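The next block is work.cif, given as mmCIF, C-alpha atoms and all ligand atoms.
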data_work
#
loop_
_atom_site.label_atom_id
_atom_site.label_comp_id
_atom_site.auth_asym_id
_atom_site.auth_seq_id
_atom_site.Cartn_x
_atom_site.Cartn_y
_atom_site.Cartn_z
CA MET A 159 109.50 118.19 103.53
CA ARG A 160 108.51 119.78 100.26
CA ILE A 161 106.45 118.07 97.54
CA ASN A 162 106.46 119.62 94.06
CA ILE A 163 103.79 118.57 91.58
CA VAL A 164 104.11 119.45 87.90
CA THR A 165 100.80 119.22 86.06
CA ILE A 166 98.59 120.75 83.39
CA PHE A 167 95.73 120.71 85.94
CA PRO A 168 96.95 122.60 89.01
CA ASP A 169 93.33 123.20 90.14
CA PHE A 170 92.90 119.46 90.54
CA PHE A 171 95.07 119.59 93.68
CA ARG A 172 93.56 122.60 95.43
CA ASP A 173 90.95 120.85 97.58
CA PRO A 174 92.62 117.46 98.14
CA LEU A 175 95.80 119.08 99.46
CA ALA A 176 93.80 121.41 101.71
CA ILE A 177 91.67 118.84 103.54
CA SER A 178 92.14 115.83 105.80
CA ILE A 179 95.66 114.63 106.56
CA PRO A 180 97.52 116.33 103.65
CA GLY A 181 95.86 119.64 104.62
CA ARG A 182 96.52 119.26 108.34
CA ALA A 183 100.15 118.38 107.64
CA ARG A 184 100.56 121.57 105.65
CA GLU A 185 98.86 123.67 108.34
CA ALA A 186 101.19 122.16 110.92
CA GLY A 187 104.18 123.19 108.78
CA LEU A 188 105.27 119.56 108.28
CA VAL A 189 104.99 119.68 104.51
CA GLU A 190 104.95 122.34 101.81
CA TYR A 191 103.28 121.75 98.46
CA ARG A 192 104.33 123.56 95.29
CA VAL A 193 101.94 122.86 92.45
CA VAL A 194 103.43 124.02 89.16
CA ASP A 195 101.39 124.65 86.02
CA LEU A 196 103.30 122.99 83.20
CA ARG A 197 101.87 125.57 80.78
CA ASP A 198 103.78 128.29 82.63
CA HIS A 199 106.87 126.72 81.06
CA THR A 200 105.79 127.07 77.46
CA HIS A 201 106.79 129.92 75.15
CA ASP A 202 104.07 130.13 72.53
CA ARG A 203 100.76 131.97 72.42
CA HIS A 204 98.75 128.74 72.82
CA ARG A 205 100.84 127.48 75.74
CA THR A 206 101.32 124.21 73.87
CA VAL A 207 102.40 121.21 75.93
CA ASP A 208 101.82 118.42 73.41
CA GLY A 209 102.66 117.44 69.86
CA LEU A 210 102.01 114.75 67.28
CA PRO A 211 103.85 111.47 67.83
CA TYR A 212 106.92 110.79 65.71
CA GLY A 213 106.20 107.72 63.63
CA GLY A 214 102.48 108.47 63.56
CA GLY A 215 99.68 106.90 65.52
CA ALA A 216 96.78 108.03 67.62
CA GLY A 217 96.92 110.60 70.39
CA MET A 218 99.19 113.45 71.38
CA VAL A 219 102.53 113.23 73.18
CA MET A 220 103.60 115.68 75.87
CA LYS A 221 106.60 117.70 74.83
CA PRO A 222 109.84 117.42 76.79
CA GLU A 223 110.77 121.13 77.03
CA PRO A 224 108.06 122.27 79.51
CA PHE A 225 108.89 119.38 81.88
CA PHE A 226 112.64 120.08 81.71
CA GLU A 227 112.14 123.82 82.22
CA ALA A 228 109.66 123.33 85.08
CA VAL A 229 112.05 121.03 86.93
CA GLU A 230 115.05 123.27 86.23
CA THR A 231 113.11 126.22 87.66
CA LEU A 232 112.18 124.20 90.77
CA ASN A 233 115.79 123.06 91.07
CA PRO A 234 114.70 120.25 93.41
CA LYS A 235 117.05 118.46 95.78
CA GLY A 236 115.47 115.01 95.85
CA PRO A 237 113.94 112.43 93.52
CA VAL A 238 112.02 113.44 90.41
CA VAL A 239 109.25 110.90 89.89
CA LEU A 240 107.41 110.44 86.62
CA LEU A 241 104.01 108.86 87.23
CA SER A 242 103.59 106.25 84.52
CA PRO A 243 101.92 102.87 83.97
CA ARG A 244 105.35 101.72 82.71
CA GLY A 245 106.91 102.39 86.08
CA ARG A 246 107.59 100.06 88.96
CA VAL A 247 104.45 99.62 91.04
CA PHE A 248 104.41 102.07 93.96
CA ARG A 249 104.53 100.20 97.27
CA HIS A 250 104.70 101.00 100.96
CA ALA A 251 108.51 100.77 100.82
CA ASP A 252 108.52 103.55 98.20
CA ALA A 253 106.30 105.70 100.42
CA VAL A 254 108.74 105.18 103.30
CA ARG A 255 111.75 105.96 101.11
CA LEU A 256 110.19 109.13 99.70
CA SER A 257 109.00 110.27 103.15
CA LEU A 258 112.67 110.39 104.22
CA GLU A 259 113.54 112.86 101.45
CA GLU A 260 113.74 116.59 101.98
CA GLU A 261 112.05 117.22 98.64
CA VAL A 262 110.15 115.07 96.13
CA THR A 263 109.01 116.20 92.68
CA LEU A 264 106.12 114.45 90.93
CA LEU A 265 105.60 114.78 87.17
CA CYS A 266 102.08 114.16 85.85
CA GLY A 267 101.64 112.98 82.29
CA HIS A 268 98.48 113.26 80.23
CA TYR A 269 97.15 112.51 76.74
CA LYS A 270 98.59 109.49 74.92
CA ASP A 271 102.07 109.66 76.42
CA VAL A 272 105.03 111.74 77.60
CA ASP A 273 108.12 112.16 75.41
CA GLN A 274 110.48 109.37 76.45
CA ARG A 275 113.34 111.80 77.13
CA VAL A 276 111.49 112.90 80.27
CA ALA A 277 111.69 109.36 81.65
CA ASP A 278 115.24 108.81 80.39
CA GLU A 279 116.93 112.10 81.29
CA LEU A 280 114.81 114.04 83.78
CA ALA A 281 113.09 111.55 86.07
CA THR A 282 115.05 109.61 88.65
CA ASP A 283 112.12 107.22 89.20
CA GLU A 284 109.14 106.02 87.20
CA LEU A 285 106.31 104.84 89.43
CA SER A 286 102.96 103.30 88.59
CA LEU A 287 99.87 103.09 90.73
CA GLY A 288 99.03 99.66 89.32
CA ASP A 289 98.22 97.72 86.20
CA PHE A 290 95.56 100.01 84.80
CA VAL A 291 95.59 103.23 82.81
CA LEU A 292 94.50 106.55 84.28
CA SER A 293 93.69 109.57 82.13
CA GLY A 294 96.48 111.51 83.77
CA GLY A 295 99.17 111.36 86.44
CA GLU A 296 97.22 113.65 88.78
CA VAL A 297 95.32 110.90 90.60
CA ALA A 298 98.56 108.95 90.94
CA ALA A 299 100.49 111.99 92.20
CA LEU A 300 97.81 112.61 94.79
CA ALA A 301 97.90 108.98 95.94
CA VAL A 302 101.69 109.10 96.29
CA THR A 303 101.51 112.44 98.13
CA ASP A 304 98.92 111.17 100.60
CA ALA A 305 100.77 107.90 101.24
CA VAL A 306 104.05 109.78 101.83
CA VAL A 307 102.68 112.61 103.95
CA ARG A 308 100.87 110.34 106.40
CA LEU A 309 104.24 108.75 107.21
CA LEU A 310 105.91 112.03 108.19
CA PRO A 311 106.58 112.19 111.93
CA GLY A 312 103.89 114.18 113.71
CA VAL A 313 101.35 114.08 110.88
CA LEU A 314 99.15 111.35 112.31
CA GLY A 315 98.03 112.16 115.83
CA ASP A 316 98.22 108.51 116.79
CA HIS A 317 101.40 106.82 115.56
CA ASP A 318 100.03 103.40 116.61
CA SER A 319 97.31 103.86 114.04
CA ALA A 320 99.85 103.94 111.19
CA ALA A 321 101.99 101.24 112.75
CA SER A 322 99.08 98.79 112.72
CA ASP A 323 98.15 99.57 109.11
CA SER A 324 98.67 97.09 106.31
CA PHE A 325 102.29 96.75 105.10
CA TYR A 326 103.72 98.95 107.87
CA GLU A 327 105.81 96.56 109.92
CA ALA A 328 105.63 93.49 107.73
CA PRO A 329 104.28 92.56 104.30
CA LEU A 330 100.93 91.67 105.85
CA LEU A 331 97.42 93.06 105.50
CA SER A 332 95.98 94.63 108.61
CA PRO A 333 93.21 92.71 110.39
CA PRO A 334 89.63 93.94 109.90
CA SER A 335 87.93 96.24 112.41
CA TRP A 336 84.48 96.49 113.99
CA THR A 337 82.69 99.18 115.97
CA ARG A 338 79.29 99.63 117.64
CA PRO A 339 76.60 98.37 117.39
CA TYR A 340 77.50 94.92 118.62
CA GLU A 341 74.88 93.37 116.38
CA TYR A 342 73.86 94.78 113.01
CA ARG A 343 71.57 93.12 110.49
CA GLY A 344 72.08 89.76 112.09
CA ARG A 345 75.89 89.97 112.13
CA SER A 346 77.68 90.38 115.41
CA VAL A 347 81.19 91.41 116.39
CA PRO A 348 83.65 88.60 117.27
CA ASP A 349 83.26 88.05 121.02
CA VAL A 350 86.98 88.02 121.72
CA LEU A 351 87.10 91.75 120.91
CA ARG A 352 84.78 92.43 123.88
CA SER A 353 86.67 90.15 126.25
CA GLY A 354 89.02 92.83 127.58
CA ASP A 355 91.81 90.23 127.33
CA HIS A 356 94.46 92.19 125.42
CA ALA A 357 96.73 89.22 124.78
CA ARG A 358 93.86 87.21 123.26
CA ILE A 359 92.72 90.20 121.21
CA GLN A 360 96.24 90.70 119.89
CA ALA A 361 96.57 87.00 119.01
CA PHE A 362 93.15 87.05 117.30
CA ARG A 363 94.09 90.10 115.20
CA GLU A 364 97.45 88.64 114.23
CA ARG A 365 95.79 85.40 113.17
CA LEU A 366 93.23 87.25 111.02
CA ALA A 367 95.99 89.33 109.43
CA ARG A 368 97.94 86.21 108.53
CA GLU A 369 94.86 84.38 107.21
CA LEU A 370 93.78 87.32 105.08
CA THR A 371 97.25 87.86 103.66
CA ARG A 372 97.74 84.19 102.83
CA GLU A 373 94.34 84.00 101.15
CA ARG A 374 94.28 87.33 99.28
CA ARG A 375 97.91 88.23 98.70
CA PRO A 376 100.04 85.16 98.09
CA ASP A 377 102.80 87.50 96.86
CA LEU A 378 103.00 89.23 100.24
CA TRP A 379 102.66 85.94 102.09
CA ALA A 380 105.60 84.50 100.15
CA GLU A 381 107.64 87.59 101.01
CA ALA A 382 106.75 87.29 104.71
CA LEU A 383 107.73 83.61 104.63
CA ARG A 384 111.01 84.41 102.87
CA ARG A 385 111.84 87.01 105.49
CA GLY A 386 110.99 84.56 108.29
CA LEU A 387 108.23 86.84 109.58
CA VAL A 388 105.60 84.11 109.56
CA ASP A 389 105.70 80.37 110.01
CA GLY A 390 104.60 78.38 106.94
CA ASP A 391 103.67 75.35 109.05
CA GLU A 392 101.46 77.17 111.53
CA HIS A 393 97.87 75.93 111.74
CA GLU A 394 95.43 78.75 111.37
CA GLY A 395 92.03 78.68 113.04
C1 LIG B 1 96.52 107.84 79.24
S1 LIG B 1 97.95 107.71 80.21
C2 LIG B 1 99.17 107.15 79.07
C3 LIG B 1 99.24 105.68 79.02
C4 LIG B 1 100.32 105.14 78.07
N1 LIG B 1 99.96 105.38 76.70
C5 LIG B 1 100.46 103.65 78.29
O1 LIG B 1 99.68 102.90 77.72
O2 LIG B 1 101.32 103.23 79.07
C6 LIG B 1 98.40 109.38 80.52
C7 LIG B 1 99.21 109.61 81.77
O3 LIG B 1 98.49 109.18 82.91
C8 LIG B 1 99.39 108.77 83.91
N2 LIG B 1 99.05 107.38 84.28
C9 LIG B 1 98.20 106.58 83.65
N3 LIG B 1 98.12 105.39 84.25
C10 LIG B 1 98.93 105.44 85.31
C11 LIG B 1 99.28 104.51 86.33
N4 LIG B 1 98.79 103.29 86.36
N5 LIG B 1 100.15 104.91 87.28
C12 LIG B 1 100.69 106.15 87.25
N6 LIG B 1 100.39 107.07 86.32
C13 LIG B 1 99.53 106.72 85.35
C14 LIG B 1 100.79 108.89 83.36
O4 LIG B 1 101.36 110.11 83.80
C15 LIG B 1 100.52 108.90 81.86
O5 LIG B 1 101.53 109.58 81.15
#
Any chance you could put this one into structure tokens?
Ligand SMILES: C[S@@+](CC[C@H](N)C(=O)[O-])C[C@H]1O[C@@H](n2cnc3c(N)ncnc32)[C@H](O)[C@@H]1O
Amino acid sequence: MRINIVTIFPDFFRDPLAISIPGRAREAGLVEYRVVDLRDHTHDRHRTVDGLPYGGGAGMVMKPEPFFEAVETLNPKGPVVLLSPRGRVFRHADAVRLSLEEEVTLLCGHYKDVDQRVADELATDELSLGDFVLSGGEVAALAVTDAVVRLLPGVLGDHDSAASDSFYEAPLLSPPSWTRPYEYRGRSVPDVLRSGDHARIQAFRERLARELTRERRPDLWAEALRRGLVDGDEHEG
């Protein structure tokens, strides 16, 4: 697949897209990144990407023309996503959906805001990382890229590793993990994990996943109940 990122800070992406899973995926030819400098789509001496807000108020607003021209030059096939705190919160289902696309284009805002015509006329999706405000869309674009790329077939060496992650097969958190040493600072690893009894280990992990989800994410628990994936009457513990 191809991921296009339109930004005023192309350098921001150089290292993160070259290391770890996003970097390995590119080396393996499973994904191509095109990072586009928004300022390359300006036509004045100062490469201006922002202007004063109509109606007054604090902060600068990113102009529509560079975004429209950047996307028109890319001529992308798939979704054009504006990263924005006004968007729908990005979830695992969005990562799955985007990972099935041939091409995804991510638009990073900055400053006070982005001219609304970008959201209305250019973007096909507006996605938020959560209910907080970042200085720019770059961190959000990187998060979306990483979450999407790790789902591409062949990117993770061990598919089971992704399949047992939180949210993958059901709206449940993944159970916690332990490694050596068995005892550390007075805390030891649950004995069942050293029993060698795979059925018991599986049951233990599933129980922890359900308990954690019910306790920490009532929204996900309600969704799992609604979809009949868990039993509301089951006695935990
Ligand atoms: C300072 S923010 C603008 C915030 C905007 N004035 C508001 O209150 O909704 C600048 C840019 O950062 C990005 N951004 C900030 N928070 C974000 C979030 N939670 N999710 C995705 N992108 C975000 C967007 O691209 C946004 O245009």
If you count all atoms listed in the file, which residues end up within 8 Å of ligand LIG 1 (chain B), as a PyMOL selection string? chain A and resi 240-245+247+265-272+285-299
Axis-aligned box for stretch 223-238 of chain A, 5 Å per side, centre and edges in Å as lines of an AutoDock Vina configuration file:
center_x = 112.6
center_y = 119.3
center_z = 86.4
size_x = 19.0
size_y = 23.8
size_z = 28.8
Which distance in Å separates atom CA of A:Ala186 and atom CA of A:Ala301, to one decimal?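 A separation of 20.2 Å between them.
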Test item: residues at most 12 Å from A:His201, only C-alpha atoms, excluding those fewer than 5 positions along its chain, as number ranges by chain: A: 196, 206-207, 223-224, 227
If you measure from atom CA of A:Ala253 to atom CA of A:Pro174, what distance in Å do you get, rounded to one decimal?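 Going from atom CA of A:Ala253 over to atom CA of A:Pro174 covers 18.2 Å.
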Find, counting all atoms listed in the file, the residue in A:Gly390, A:Tyr326, A:Pro168, A:Ala321 that gets nearest to A:Ala251.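 The shortest atom-to-atom distance to A:Ala251 comes from A:Tyr326.
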Restricting the calculation to only C-alpha atoms: of A:Phe226, A:Val313, A:Ser257, A:Ala361, which residue gets closest to A:Glu185?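 Answer, going by the shortest atom-to-atom distance: A:Val313.
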In Å, with one decimal, what is the gap from atom CA of A:Ser353 to atom CA of A:Gly315?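 Interatomic distance, atom CA of A:Ser353 to atom CA of A:Gly315: 26.9 Å.
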Which residue out of A:Phe325, A:Tyr212, A:Phe225, A:Phe248 has the minimum interatomic distance to A:Val164 when all atoms listed in the file are used?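 Answer, going by the shortest atom-to-atom distance: A:Phe225.
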Which polymer residues have any atom within 10 Å of an atom of A:Leu314, counting all atoms listed in the file, with same-chain residues fewer than 6 positions away left out, as an MDAnalysis selection string? chainID A and resid 179 182:183 307:308 320
Give the answer as one residue: which of A:Ala277, A:Leu331, A:Leu351, A:Ile359 has the shortest atom-to-atom distance to A:Asp377, using only C-alpha atoms?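 Checking each candidate against A:Asp377, we get A:Leu331 as the closest.
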Hey, which of A:Asp169, A:Glu279, A:Asp208, A:Asp304 ends up closest to A:Val193? Count all atoms listed in the file. A:Asp169
Quick one: residues within 9 Å of (109.2, 112.9, 72.5) (file frame), counting only C-alpha atoms, please, as number ranges by chain. A: 209, 211-212, 219-222, 271-276
Residue neighbourhood A:Ile163, 6 Å, all atoms listed in the file, exclusion window fewer than 6 positions, as a VMD selection string: chain A and resid 193 to 194 263 to 264
Hey, which of A:Arg160, A:Asp323, A:Met218, A:Arg372 ends up closest to A:Asp389? Count all atoms listed in the file.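 The answer is A:Arg372, which sits nearest to A:Asp389.
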